[in-house]
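Trainee: Dropping in run13.csv, which is CSV, C-alpha atoms:
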chain,number,residue,atom,x,y,z
U,1,MET,CA,16.1,5.2,25.2
U,2,ALA,CA,13.7,7.0,27.6
U,3,ILE,CA,12.7,10.4,28.9
U,4,THR,CA,12.4,11.0,32.7
U,5,LEU,CA,9.0,12.5,33.5
U,6,ASN,CA,8.4,15.1,36.2
U,7,SER,CA,6.9,12.3,38.2
U,8,GLY,CA,10.3,10.6,38.3
U,9,PHE,CA,9.2,7.7,36.1
U,10,LYS,CA,10.8,7.0,32.7
U,11,ILE,CA,8.8,6.8,29.5
U,12,PRO,CA,10.3,4.9,26.5
U,13,ILE,CA,10.9,7.4,23.6
U,14,ILE,CA,9.3,5.1,21.1
U,15,GLY,CA,6.0,3.4,21.7
U,16,LEU,CA,3.3,1.6,19.7
U,17,GLY,CA,-0.1,3.2,19.3
U,18,VAL,CA,-3.0,0.7,19.1
U,19,TRP,CA,-5.7,3.0,17.5
U,20,ARG,CA,-7.7,1.2,14.9
U,21,MET,CA,-6.4,-2.3,15.7
U,22,GLU,CA,-8.8,-5.1,16.3
U,23,GLY,CA,-9.3,-8.6,17.6
U,24,LYS,CA,-6.6,-11.3,17.1
U,25,GLU,CA,-4.5,-8.9,15.2
U,26,ILE,CA,-3.8,-7.0,18.4
U,27,THR,CA,-2.5,-10.1,20.3
U,28,ASP,CA,-0.1,-11.0,17.5
U,29,LEU,CA,1.1,-7.4,17.0
U,30,ILE,CA,1.7,-6.7,20.7
U,31,ILE,CA,3.6,-10.0,21.2
U,32,ASN,CA,5.7,-9.4,18.1
U,33,ALA,CA,6.3,-5.7,19.1
U,34,ILE,CA,7.6,-6.9,22.5
U,35,LYS,CA,9.9,-9.4,20.8
U,36,ILE,CA,11.2,-6.5,18.6
U,37,GLY,CA,11.9,-4.4,21.7
U,38,TYR,CA,8.9,-2.2,22.2
U,39,ARG,CA,8.1,-1.6,25.9
U,40,HIS,CA,5.7,1.3,25.6
U,41,PHE,CA,2.0,0.8,24.4
U,42,ASP,CA,-0.4,3.7,23.9
U,43,CYS,CA,-4.0,2.8,24.4
U,44,ALA,CA,-7.3,4.6,25.0
U,45,ALA,CA,-10.8,3.8,26.2
U,46,ASP,CA,-12.1,5.3,22.9
U,47,TYR,CA,-10.1,2.8,20.8
U,48,GLN,CA,-12.6,0.2,22.1
U,49,ASN,CA,-9.9,-2.5,22.2
U,50,GLU,CA,-8.6,-2.3,25.8
U,51,ALA,CA,-9.9,-5.9,26.5
U,52,GLU,CA,-8.0,-7.3,23.5
U,53,VAL,CA,-4.8,-5.4,24.5
U,54,GLY,CA,-5.3,-6.8,28.0
U,55,GLU,CA,-5.4,-10.4,26.7
U,56,ALA,CA,-2.2,-9.8,24.8
U,57,LEU,CA,-0.5,-8.3,27.8
U,58,ALA,CA,-1.7,-11.2,30.0
U,59,GLU,CA,-0.2,-13.7,27.5
U,60,ALA,CA,3.1,-11.8,27.5
U,61,PHE,CA,3.2,-11.9,31.3
U,62,ARG,CA,2.0,-15.5,31.5
U,63,THR,CA,4.6,-16.8,29.1
U,64,GLY,CA,7.5,-14.9,30.7
U,65,LEU,CA,8.1,-12.8,27.6
U,66,VAL,CA,8.2,-9.7,29.9
U,67,LYS,CA,7.3,-8.7,33.4
U,68,ARG,CA,4.7,-6.0,34.2
U,69,GLU,CA,7.4,-3.6,35.4
U,70,ASP,CA,9.2,-3.9,32.1
U,71,LEU,CA,6.3,-2.2,30.2
U,72,PHE,CA,4.9,1.3,30.1
U,73,ILE,CA,1.2,1.3,29.5
U,74,THR,CA,-0.8,4.5,28.7
U,75,THR,CA,-4.5,4.8,28.4
U,76,LYS,CA,-6.9,7.7,28.3
U,77,LEU,CA,-10.1,9.1,29.8
U,78,TRP,CA,-12.8,9.7,27.2
U,79,ASN,CA,-14.8,12.9,26.9
U,80,SER,CA,-18.0,11.4,28.1
U,81,ASP,CA,-16.4,10.2,31.4
U,82,HIS,CA,-15.1,13.5,32.8
U,83,GLY,CA,-17.5,13.4,35.7
U,84,HIS,CA,-16.7,9.7,36.3
U,85,VAL,CA,-12.9,9.7,36.3
U,86,ILE,CA,-12.2,7.0,39.0
U,87,GLU,CA,-14.8,4.6,37.6
U,88,ALA,CA,-13.5,5.1,34.1
U,89,CYS,CA,-9.9,4.4,35.1
U,90,LYS,CA,-11.0,1.3,37.0
U,91,ASP,CA,-12.9,0.1,34.0
U,92,SER,CA,-9.8,0.5,31.8
U,93,LEU,CA,-7.7,-1.3,34.3
U,94,LYS,CA,-10.1,-4.2,34.4
U,95,LYS,CA,-10.2,-4.5,30.7
U,96,LEU,CA,-6.4,-4.2,30.4
U,97,GLN,CA,-6.0,-6.7,33.3
U,98,LEU,CA,-3.6,-4.4,35.1
U,99,ASP,CA,-3.3,-3.3,38.7
U,100,TYR,CA,-1.9,0.2,37.7
U,101,LEU,CA,-1.3,2.4,34.7
U,102,ASP,CA,2.0,4.0,34.0
U,103,LEU,CA,0.2,7.0,32.5
U,104,TYR,CA,-3.4,8.1,32.3
U,105,LEU,CA,-4.3,11.1,30.0
U,106,VAL,CA,-7.3,13.3,29.6
U,107,HIS,CA,-7.9,12.4,25.9
U,108,PHE,CA,-9.5,15.8,24.9
U,109,PRO,CA,-10.0,19.0,26.9
U,110,ILE,CA,-13.8,18.7,26.5
U,111,ALA,CA,-16.5,17.1,28.6
U,112,THR,CA,-19.4,15.6,26.7
U,113,LYS,CA,-22.7,14.0,27.6
U,114,HIS,CA,-22.2,10.9,29.9
U,115,THR,CA,-23.3,7.7,28.2
U,116,GLY,CA,-22.2,5.2,30.7
U,117,VAL,CA,-18.7,4.4,32.0
U,118,GLY,CA,-16.5,3.0,29.3
U,119,THR,CA,-19.0,3.3,26.5
U,120,THR,CA,-17.0,6.1,25.0
U,121,ASP,CA,-19.9,7.4,22.9
U,122,SER,CA,-19.8,10.9,21.3
U,123,ALA,CA,-23.4,11.7,21.7
U,124,LEU,CA,-24.8,14.3,19.3
U,125,ASP,CA,-27.6,16.7,19.9
U,126,GLU,CA,-30.7,17.2,17.7
U,127,ASP,CA,-28.6,19.3,15.3
U,128,GLY,CA,-26.0,16.6,14.8
U,129,VAL,CA,-23.5,18.5,16.9
U,130,LEU,CA,-21.4,17.1,19.8
U,131,ASP,CA,-23.4,17.2,23.0
U,132,ILE,CA,-21.0,19.2,25.2
U,133,ASN,CA,-21.4,19.1,29.0
U,134,THR,CA,-20.9,22.6,30.4
U,135,THR,CA,-21.2,21.5,34.0
U,136,VAL,CA,-17.9,19.8,34.5
U,137,SER,CA,-14.8,21.9,34.4
U,138,LEU,CA,-11.3,20.7,33.3
U,139,GLU,CA,-10.1,21.7,36.7
U,140,THR,CA,-12.6,19.4,38.4
U,141,THR,CA,-11.6,16.6,36.0
U,142,TRP,CA,-7.9,17.2,36.8
U,143,HIS,CA,-8.4,17.0,40.5
U,144,ALA,CA,-10.1,13.6,40.1
U,145,MET,CA,-7.1,12.5,38.0
U,146,GLU,CA,-4.8,13.6,40.9
U,147,ASP,CA,-6.9,11.3,43.2
U,148,LEU,CA,-5.9,8.3,41.0
U,149,VAL,CA,-2.3,9.0,41.8
U,150,SER,CA,-2.9,9.1,45.5
U,151,MET,CA,-5.0,5.9,45.2
U,152,GLY,CA,-2.0,4.1,43.6
U,153,LEU,CA,-4.0,3.3,40.4
U,154,VAL,CA,-1.9,5.5,38.2
U,155,ARG,CA,1.8,6.5,38.4
U,156,SER,CA,1.7,9.5,36.2
U,157,ILE,CA,-1.1,11.7,34.8
U,158,GLY,CA,-1.2,13.9,31.8
U,159,ILE,CA,-3.2,15.8,29.2
U,160,SER,CA,-3.8,15.3,25.5
U,161,ASN,CA,-4.7,17.7,22.7
U,162,TYR,CA,-4.2,20.7,25.0
U,163,ASP,CA,-3.0,24.0,23.5
U,164,ILE,CA,-0.8,26.5,25.3
U,165,PHE,CA,-3.7,28.3,27.0
U,166,LEU,CA,-5.2,25.1,28.5
U,167,THR,CA,-1.8,23.7,29.4
U,168,ARG,CA,-0.9,26.9,31.3
U,169,ASP,CA,-4.2,26.7,33.1
U,170,CYS,CA,-3.6,23.1,34.1
U,171,LEU,CA,-0.2,24.0,35.4
U,172,ALA,CA,-1.8,26.8,37.5
U,173,TYR,CA,-4.5,24.7,39.2
U,174,SER,CA,-2.7,21.4,39.5
U,175,LYS,CA,-1.3,19.9,42.7
U,176,VAL,CA,0.2,17.0,40.7
U,177,LYS,CA,1.6,18.5,37.5
U,178,PRO,CA,0.8,17.0,34.2
U,179,ALA,CA,3.7,14.8,33.2
U,180,VAL,CA,2.8,14.6,29.5
U,181,ASN,CA,0.9,16.5,26.8
U,182,GLN,CA,0.1,14.2,23.9
U,183,ILE,CA,-0.5,16.1,20.7
U,184,GLU,CA,-0.5,15.7,17.0
U,185,THR,CA,2.9,16.8,15.7
U,186,HIS,CA,4.9,15.8,12.7
U,187,PRO,CA,6.9,17.6,10.0
U,188,TYR,CA,3.8,19.1,8.4
U,189,PHE,CA,2.4,20.2,11.8
U,190,GLN,CA,5.4,21.0,13.9
U,191,ARG,CA,3.8,23.2,16.6
U,192,ASP,CA,7.2,24.4,17.8
U,193,SER,CA,5.7,27.0,20.2
U,194,LEU,CA,3.6,24.4,22.0
U,195,VAL,CA,6.3,21.8,22.1
U,196,LYS,CA,8.8,24.3,23.5
U,197,PHE,CA,6.3,25.7,26.1
U,198,CYS,CA,5.6,22.2,27.4
U,199,GLN,CA,9.2,21.2,27.6
U,200,LYS,CA,10.1,24.5,29.3
U,201,HIS,CA,7.5,23.8,32.0
U,202,GLY,CA,8.5,20.2,32.6
U,203,LEU,CA,5.9,18.4,30.4
U,204,CYS,CA,7.1,15.7,28.1
U,205,VAL,CA,5.5,16.0,24.7
U,206,THR,CA,4.3,12.7,23.1
U,207,ALA,CA,3.7,12.9,19.4
U,208,HIS,CA,0.6,11.1,18.3
U,209,THR,CA,0.2,10.8,14.5
U,210,PRO,CA,4.0,11.2,14.3
U,211,LEU,CA,4.0,10.1,10.7
U,212,GLY,CA,1.2,12.5,9.8
U,213,GLY,CA,-1.4,9.8,9.9
U,214,ALA,CA,-0.2,8.2,6.6
U,215,ALA,CA,-2.8,5.9,5.0
U,216,ALA,CA,-5.2,5.8,8.0
U,217,ASN,CA,-5.8,9.5,8.1
U,218,THR,CA,-5.9,9.8,4.4
U,219,GLU,CA,-8.7,7.2,4.4
U,220,TRP,CA,-10.7,8.8,7.2
U,221,PHE,CA,-10.0,12.5,6.8
U,222,GLY,CA,-8.7,12.8,3.2
U,223,SER,CA,-5.5,14.3,4.6
U,224,VAL,CA,-2.1,14.5,2.9
U,225,SER,CA,0.9,12.6,4.4
U,226,CYS,CA,4.3,14.1,4.9
U,227,LEU,CA,5.8,10.7,3.9
U,228,ASP,CA,5.4,11.8,0.3
U,229,ASP,CA,7.3,15.0,0.8
U,230,PRO,CA,10.2,15.5,-1.7
U,231,VAL,CA,12.5,17.1,0.9
U,232,LEU,CA,12.0,14.1,3.3
U,233,LYS,CA,12.4,11.6,0.5
U,234,GLY,CA,15.7,13.3,-0.3
U,235,LEU,CA,16.9,12.9,3.3
U,236,ALA,CA,15.8,9.3,3.3
U,237,GLU,CA,18.1,8.7,0.3
U,238,LYS,CA,21.0,10.7,1.9
U,239,TYR,CA,20.8,8.6,5.1
U,240,LYS,CA,19.9,5.4,3.4
U,241,LYS,CA,16.8,5.1,5.6
U,242,THR,CA,13.0,5.1,4.9
U,243,VAL,CA,11.1,8.4,5.0
U,244,ALA,CA,9.3,7.1,8.1
U,245,GLN,CA,12.6,6.5,9.9
U,246,ILE,CA,13.7,10.0,9.0
U,247,VAL,CA,10.5,11.5,10.4
U,248,LEU,CA,10.6,9.4,13.6
U,249,ARG,CA,14.3,10.3,14.1
U,250,TRP,CA,13.4,13.9,13.8
U,251,GLY,CA,10.8,13.5,16.5
U,252,VAL,CA,13.3,11.7,18.8
U,253,GLN,CA,15.9,14.5,18.2
U,254,ARG,CA,13.2,17.1,19.3
U,255,ASN,CA,13.1,15.2,22.6
U,256,THR,CA,9.5,14.1,21.9
U,257,VAL,CA,8.1,10.6,22.5
U,258,VAL,CA,6.8,9.1,19.2
U,259,ILE,CA,4.1,6.5,19.1
U,260,PRO,CA,3.7,5.3,15.5
U,261,LYS,CA,1.0,2.9,14.6
U,262,SER,CA,1.5,-0.1,12.3
U,263,SER,CA,-0.2,-3.4,11.7
U,264,LYS,CA,2.7,-4.8,9.7
U,265,ILE,CA,5.6,-6.6,11.4
U,266,GLU,CA,8.2,-5.3,9.0
U,267,ARG,CA,7.0,-1.7,9.7
U,268,LEU,CA,7.1,-2.3,13.4
U,269,LYS,CA,10.8,-3.3,13.0
U,270,GLU,CA,11.5,-0.4,10.7
U,271,ASN,CA,9.9,2.2,13.0
U,272,PHE,CA,12.0,0.9,15.9
U,273,GLU,CA,15.3,1.1,14.1
U,274,VAL,CA,16.0,4.8,14.5
U,275,PHE,CA,18.8,4.8,17.0
U,276,ASP,CA,21.7,3.9,14.7
U,277,PHE,CA,21.9,7.3,13.0
U,278,GLU,CA,21.6,11.0,13.7
U,279,LEU,CA,20.2,13.9,11.6
U,280,SER,CA,22.6,16.8,11.3
U,281,LYS,CA,21.7,20.3,12.6
U,282,GLU,CA,21.4,21.4,9.0
U,283,ASP,CA,19.0,18.6,8.1
U,284,MET,CA,16.9,19.3,11.3
U,285,ASP,CA,16.7,22.9,10.1
U,286,LEU,CA,15.8,21.7,6.6
U,287,ILE,CA,12.9,19.7,8.0
U,288,LYS,CA,11.7,22.9,9.8
U,289,SER,CA,11.2,24.4,6.3
U,290,VAL,CA,8.5,21.9,5.3
U,291,ASP,CA,6.1,22.9,8.2
U,292,LYS,CA,2.6,23.6,6.8
U,293,SER,CA,0.7,24.0,10.1
U,294,TYR,CA,-1.4,21.1,8.8
U,295,ARG,CA,-3.5,19.1,11.1
U,296,THR,CA,-4.5,15.6,9.8
U,297,ASN,CA,-6.6,14.3,12.6
U,298,GLN,CA,-10.0,15.9,12.2
U,299,PRO,CA,-12.6,14.7,14.7
U,300,ALA,CA,-15.0,17.4,13.5
U,301,LYS,CA,-15.9,14.9,10.8
U,302,PHE,CA,-17.7,12.9,13.5
U,303,TRP,CA,-18.6,15.6,16.0
U,304,GLY,CA,-20.3,18.2,13.7
U,305,ILE,CA,-18.2,20.9,15.3
U,306,ASN,CA,-14.6,22.0,14.9
U,307,LEU,CA,-13.2,22.3,18.4
U,308,PHE,CA,-9.8,23.4,17.1
U,309,ALA,CA,-11.1,26.4,15.2
Re-express the file's structure as structure tokens.
Mentor:
Amino acid sequence: MAITLNSGFKIPIIGLGVWRMEGKEITDLIINAIKIGYRHFDCAADYQNEAEVGEALAEAFRTGLVKREDLFITTKLWNSDHGHVIEACKDSLKKLQLDYLDLYLVHFPIATKHTGVGTTDSALDEDGVLDINTTVSLETTWHAMEDLVSMGLVRSIGISNYDIFLTRDCLAYSKVKPAVNQIETHPYFQRDSLVKFCQKHGLCVTAHTPLGGAAANTEWFGSVSCLDDPVLKGLAEKYKKTVAQIVLRWGVQRNTVVIPKSSKIERLKENFEVFDFELSKEDMDLIKSVDKSYRTNQPAKFWGINLFA
């Protein structure tokens, strides 16, 4: 199942996010995910594992498990490389051992102090606050992203963590429209206005943290997961599915792409098995009622500044 982007390319509606995956674990996970049926992998320079992902992809191609054109590979421009878009993209391509990306995203709508292409540092100033670069505009960054398309390095370009204001702005100054806005959205953080605005204007919404971050964000940010919600647990019992499957199915029925992360093979399978049932309209409405406008991904913990305030 896939969504056709405004660029004409198709993005698989379920992907695997590779944030916080390391070393040999990545090779095994990606190979197993491909065997399960995953064709969409969501990477980022900031995850600092593109080289390992590249090794796994090379193995999958070498052994004939899949061809390059069978996969949809996303990666992202880090904040510190906004003035160095082409070099940063080429660096990611080299690490991933690819000739082109299916999708390249501006990871956050903020330029920070450049620390060297691909280093993905978040440099702090003397006060321990993110060292923001005020000389590079988002419009300048976007026009460099557009150049990647004309150079044939990237098929589709998009944005990530943009609100309605910034998304509208990007639509106004872009020659190549953003194909995707990747945002945190899950039953506790539904962001219906942003999702509908993007979809109305031709952007596909990809839900990062589609399960509310679960254990990873609880560990890093002390957040609460929607997977423990009694309403969602009740629906899991009703449909004889796991809570995660209910939440992912909800995302799919909103016409959003979901990219859950898991390092367990049984969970990879479970997260992919959401196409054999459908939530009723009443139950979709019921899930609306659990929204808490609750963001679980909080980079302010590392940056000394809340950019979402």
Trainee: I want to know what sits within 9 Å of region 78-91 of chain U, based on all atoms listed in the file, with residues of the same chain fewer than 3 positions away left out; could you give that as a PyMOL selection string?
Mentor: chain U and resi 44-46+75+94-96+101+104+106-123+132-133+136-138+140-141+144-145+147-148+153-154
Trainee: For the residues in that selection, give me C-alpha atoms as a JSON list (two decimals), in the coordinates of the input.
Mentor:
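Output below, filename again.json:
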[["chain", "number", "residue", "atom", "x", "y", "z"],
["U", 44, "ALA", "CA", -7.30, 4.60, 25.00],
["U", 45, "ALA", "CA", -10.80, 3.80, 26.20],
["U", 46, "ASP", "CA", -12.10, 5.30, 22.90],
["U", 75, "THR", "CA", -4.50, 4.80, 28.40],
["U", 94, "LYS", "CA", -10.10, -4.20, 34.40],
["U", 95, "LYS", "CA", -10.20, -4.50, 30.70],
["U", 96, "LEU", "CA", -6.40, -4.20, 30.40],
["U", 101, "LEU", "CA", -1.30, 2.40, 34.70],
["U", 104, "TYR", "CA", -3.40, 8.10, 32.30],
["U", 106, "VAL", "CA", -7.30, 13.30, 29.60],
["U", 107, "HIS", "CA", -7.90, 12.40, 25.90],
["U", 108, "PHE", "CA", -9.50, 15.80, 24.90],
["U", 109, "PRO", "CA", -10.00, 19.00, 26.90],
["U", 110, "ILE", "CA", -13.80, 18.70, 26.50],
["U", 111, "ALA", "CA", -16.50, 17.10, 28.60],
["U", 112, "THR", "CA", -19.40, 15.60, 26.70],
["U", 113, "LYS", "CA", -22.70, 14.00, 27.60],
["U", 114, "HIS", "CA", -22.20, 10.90, 29.90],
["U", 115, "THR", "CA", -23.30, 7.70, 28.20],
["U", 116, "GLY", "CA", -22.20, 5.20, 30.70],
["U", 117, "VAL", "CA", -18.70, 4.40, 32.00],
["U", 118, "GLY", "CA", -16.50, 3.00, 29.30],
["U", 119, "THR", "CA", -19.00, 3.30, 26.50],
["U", 120, "THR", "CA", -17.00, 6.10, 25.00],
["U", 121, "ASP", "CA", -19.90, 7.40, 22.90],
["U", 122, "SER", "CA", -19.80, 10.90, 21.30],
["U", 123, "ALA", "CA", -23.40, 11.70, 21.70],
["U", 132, "ILE", "CA", -21.00, 19.20, 25.20],
["U", 133, "ASN", "CA", -21.40, 19.10, 29.00],
["U", 136, "VAL", "CA", -17.90, 19.80, 34.50],
["U", 137, "SER", "CA", -14.80, 21.90, 34.40],
["U", 138, "LEU", "CA", -11.30, 20.70, 33.30],
["U", 140, "THR", "CA", -12.60, 19.40, 38.40],
["U", 141, "THR", "CA", -11.60, 16.60, 36.00],
["U", 144, "ALA", "CA", -10.10, 13.60, 40.10],
["U", 145, "MET", "CA", -7.10, 12.50, 38.00],
["U", 147, "ASP", "CA", -6.90, 11.30, 43.20],
["U", 148, "LEU", "CA", -5.90, 8.30, 41.00],
["U", 153, "LEU", "CA", -4.00, 3.30, 40.40],
["U", 154, "VAL", "CA", -1.90, 5.50, 38.20]]
Trainee: So what do you get for CA of Glu69 (chain U) versus CA of Ser156 (chain U), distance-wise?
Mentor: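 Computing the Euclidean distance for CA of Glu69 (chain U) and CA of Ser156 (chain U) yields 14.3 Å.
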Trainee: Restricting the calculation to all atoms listed in the file, which member of U:Ile11, U:Leu166, U:Leu105, U:Ile265 is positioned closest to Cys204 (chain U)?
Mentor: U:Ile11
Trainee: Please, could all heavy atoms be added to region 58-68 of chain U and the result written as a PDB file, in the frame of the given file?
Mentor:
ATOM      1  N   ALA U  58      -1.625 -10.046  29.103  1.00  0.00           N
ATOM      2  CA  ALA U  58      -1.700 -11.200  30.000  1.00  0.00           C
ATOM      3  C   ALA U  58      -0.909 -12.373  29.467  1.00  0.00           C
ATOM      4  O   ALA U  58      -0.203 -13.075  30.213  1.00  0.00           O
ATOM      5  CB  ALA U  58      -3.161 -11.587  30.248  1.00  0.00           C
ATOM      6  N   GLU U  59      -1.014 -12.571  28.150  1.00  0.00           N
ATOM      7  CA  GLU U  59      -0.200 -13.700  27.500  1.00  0.00           C
ATOM      8  C   GLU U  59       1.254 -13.412  27.619  1.00  0.00           C
ATOM      9  O   GLU U  59       2.032 -14.325  27.909  1.00  0.00           O
ATOM     10  CB  GLU U  59      -0.656 -13.803  26.043  1.00  0.00           C
ATOM     11  CG  GLU U  59       0.034 -14.968  25.347  1.00  0.00           C
ATOM     12  CD  GLU U  59      -0.389 -15.116  23.890  1.00  0.00           C
ATOM     13  OE1 GLU U  59      -1.584 -14.938  23.600  1.00  0.00           O
ATOM     14  OE2 GLU U  59       0.489 -15.406  23.059  1.00  0.00           O
ATOM     15  N   ALA U  60       1.650 -12.166  27.382  1.00  0.00           N
ATOM     16  CA  ALA U  60       3.100 -11.800  27.500  1.00  0.00           C
ATOM     17  C   ALA U  60       3.617 -12.038  28.877  1.00  0.00           C
ATOM     18  O   ALA U  60       4.738 -12.531  29.055  1.00  0.00           O
ATOM     19  CB  ALA U  60       3.279 -10.367  27.033  1.00  0.00           C
ATOM     20  N   PHE U  61       2.814 -11.716  29.882  1.00  0.00           N
ATOM     21  CA  PHE U  61       3.200 -11.900  31.300  1.00  0.00           C
ATOM     22  C   PHE U  61       3.240 -13.416  31.619  1.00  0.00           C
ATOM     23  O   PHE U  61       4.166 -13.913  32.257  1.00  0.00           O
ATOM     24  CB  PHE U  61       2.320 -11.172  32.249  1.00  0.00           C
ATOM     25  CG  PHE U  61       2.260  -9.680  32.027  1.00  0.00           C
ATOM     26  CD1 PHE U  61       1.089  -8.970  32.299  1.00  0.00           C
ATOM     27  CD2 PHE U  61       3.358  -8.979  31.544  1.00  0.00           C
ATOM     28  CE1 PHE U  61       1.027  -7.587  32.103  1.00  0.00           C
ATOM     29  CE2 PHE U  61       3.307  -7.602  31.343  1.00  0.00           C
ATOM     30  CZ  PHE U  61       2.133  -6.907  31.620  1.00  0.00           C
ATOM     31  N   ARG U  62       2.198 -14.109  31.173  1.00  0.00           N
ATOM     32  CA  ARG U  62       2.000 -15.500  31.500  1.00  0.00           C
ATOM     33  C   ARG U  62       3.157 -16.375  30.931  1.00  0.00           C
ATOM     34  O   ARG U  62       3.648 -17.305  31.571  1.00  0.00           O
ATOM     35  CB  ARG U  62       0.672 -16.008  30.960  1.00  0.00           C
ATOM     36  CG  ARG U  62       0.250 -17.404  31.415  1.00  0.00           C
ATOM     37  CD  ARG U  62      -1.190 -17.697  31.050  1.00  0.00           C
ATOM     38  NE  ARG U  62      -1.460 -17.561  29.627  1.00  0.00           N
ATOM     39  CZ  ARG U  62      -2.244 -16.629  29.086  1.00  0.00           C
ATOM     40  NH1 ARG U  62      -2.857 -15.748  29.875  1.00  0.00           N
ATOM     41  NH2 ARG U  62      -2.439 -16.563  27.788  1.00  0.00           N
ATOM     42  N   THR U  63       3.590 -16.039  29.715  1.00  0.00           N
ATOM     43  CA  THR U  63       4.600 -16.800  29.100  1.00  0.00           C
ATOM     44  C   THR U  63       6.045 -16.381  29.440  1.00  0.00           C
ATOM     45  O   THR U  63       7.032 -16.967  28.980  1.00  0.00           O
ATOM     46  CB  THR U  63       4.498 -16.731  27.518  1.00  0.00           C
ATOM     47  OG1 THR U  63       4.577 -15.351  27.130  1.00  0.00           O
ATOM     48  CG2 THR U  63       3.165 -17.305  27.049  1.00  0.00           C
ATOM     49  N   GLY U  64       6.140 -15.357  30.278  1.00  0.00           N
ATOM     50  CA  GLY U  64       7.500 -14.900  30.700  1.00  0.00           C
ATOM     51  C   GLY U  64       8.193 -14.049  29.704  1.00  0.00           C
ATOM     52  O   GLY U  64       9.397 -13.807  29.846  1.00  0.00           O
ATOM     53  N   LEU U  65       7.474 -13.586  28.684  1.00  0.00           N
ATOM     54  CA  LEU U  65       8.100 -12.800  27.600  1.00  0.00           C
ATOM     55  C   LEU U  65       8.623 -11.449  28.264  1.00  0.00           C
ATOM     56  O   LEU U  65       9.738 -11.002  27.968  1.00  0.00           O
ATOM     57  CB  LEU U  65       7.104 -12.462  26.533  1.00  0.00           C
ATOM     58  CG  LEU U  65       7.594 -11.732  25.282  1.00  0.00           C
ATOM     59  CD1 LEU U  65       8.739 -12.493  24.613  1.00  0.00           C
ATOM     60  CD2 LEU U  65       6.441 -11.536  24.299  1.00  0.00           C
ATOM     61  N   VAL U  66       7.798 -10.849  29.126  1.00  0.00           N
ATOM     62  CA  VAL U  66       8.200  -9.700  29.900  1.00  0.00           C
ATOM     63  C   VAL U  66       7.479  -9.693  31.239  1.00  0.00           C
ATOM     64  O   VAL U  66       6.512 -10.419  31.426  1.00  0.00           O
ATOM     65  CB  VAL U  66       7.795  -8.325  29.185  1.00  0.00           C
ATOM     66  CG1 VAL U  66       8.743  -7.976  28.075  1.00  0.00           C
ATOM     67  CG2 VAL U  66       6.347  -8.350  28.732  1.00  0.00           C
ATOM     68  N   LYS U  67       7.971  -8.861  32.158  1.00  0.00           N
ATOM     69  CA  LYS U  67       7.300  -8.700  33.400  1.00  0.00           C
ATOM     70  C   LYS U  67       6.485  -7.347  33.321  1.00  0.00           C
ATOM     71  O   LYS U  67       6.791  -6.485  32.507  1.00  0.00           O
ATOM     72  CB  LYS U  67       8.267  -8.556  34.580  1.00  0.00           C
ATOM     73  CG  LYS U  67       9.107  -9.801  34.810  1.00  0.00           C
ATOM     74  CD  LYS U  67       9.913  -9.640  36.103  1.00  0.00           C
ATOM     75  CE  LYS U  67      10.767 -10.856  36.377  1.00  0.00           C
ATOM     76  NZ  LYS U  67      11.992 -10.866  35.545  1.00  0.00           N
ATOM     77  N   ARG U  68       5.491  -7.196  34.191  1.00  0.00           N
ATOM     78  CA  ARG U  68       4.700  -6.000  34.200  1.00  0.00           C
ATOM     79  C   ARG U  68       5.562  -4.722  34.295  1.00  0.00           C
ATOM     80  O   ARG U  68       5.361  -3.726  33.590  1.00  0.00           O
ATOM     81  CB  ARG U  68       3.645  -6.010  35.311  1.00  0.00           C
ATOM     82  CG  ARG U  68       2.909  -4.673  35.564  1.00  0.00           C
ATOM     83  CD  ARG U  68       2.064  -4.277  34.359  1.00  0.00           C
ATOM     84  NE  ARG U  68       1.445  -2.956  34.499  1.00  0.00           N
ATOM     85  CZ  ARG U  68       1.940  -1.827  33.982  1.00  0.00           C
ATOM     86  NH1 ARG U  68       3.079  -1.856  33.305  1.00  0.00           N
ATOM     87  NH2 ARG U  68       1.299  -0.690  34.127  1.00  0.00           N
TER      88      ARG U  68
END
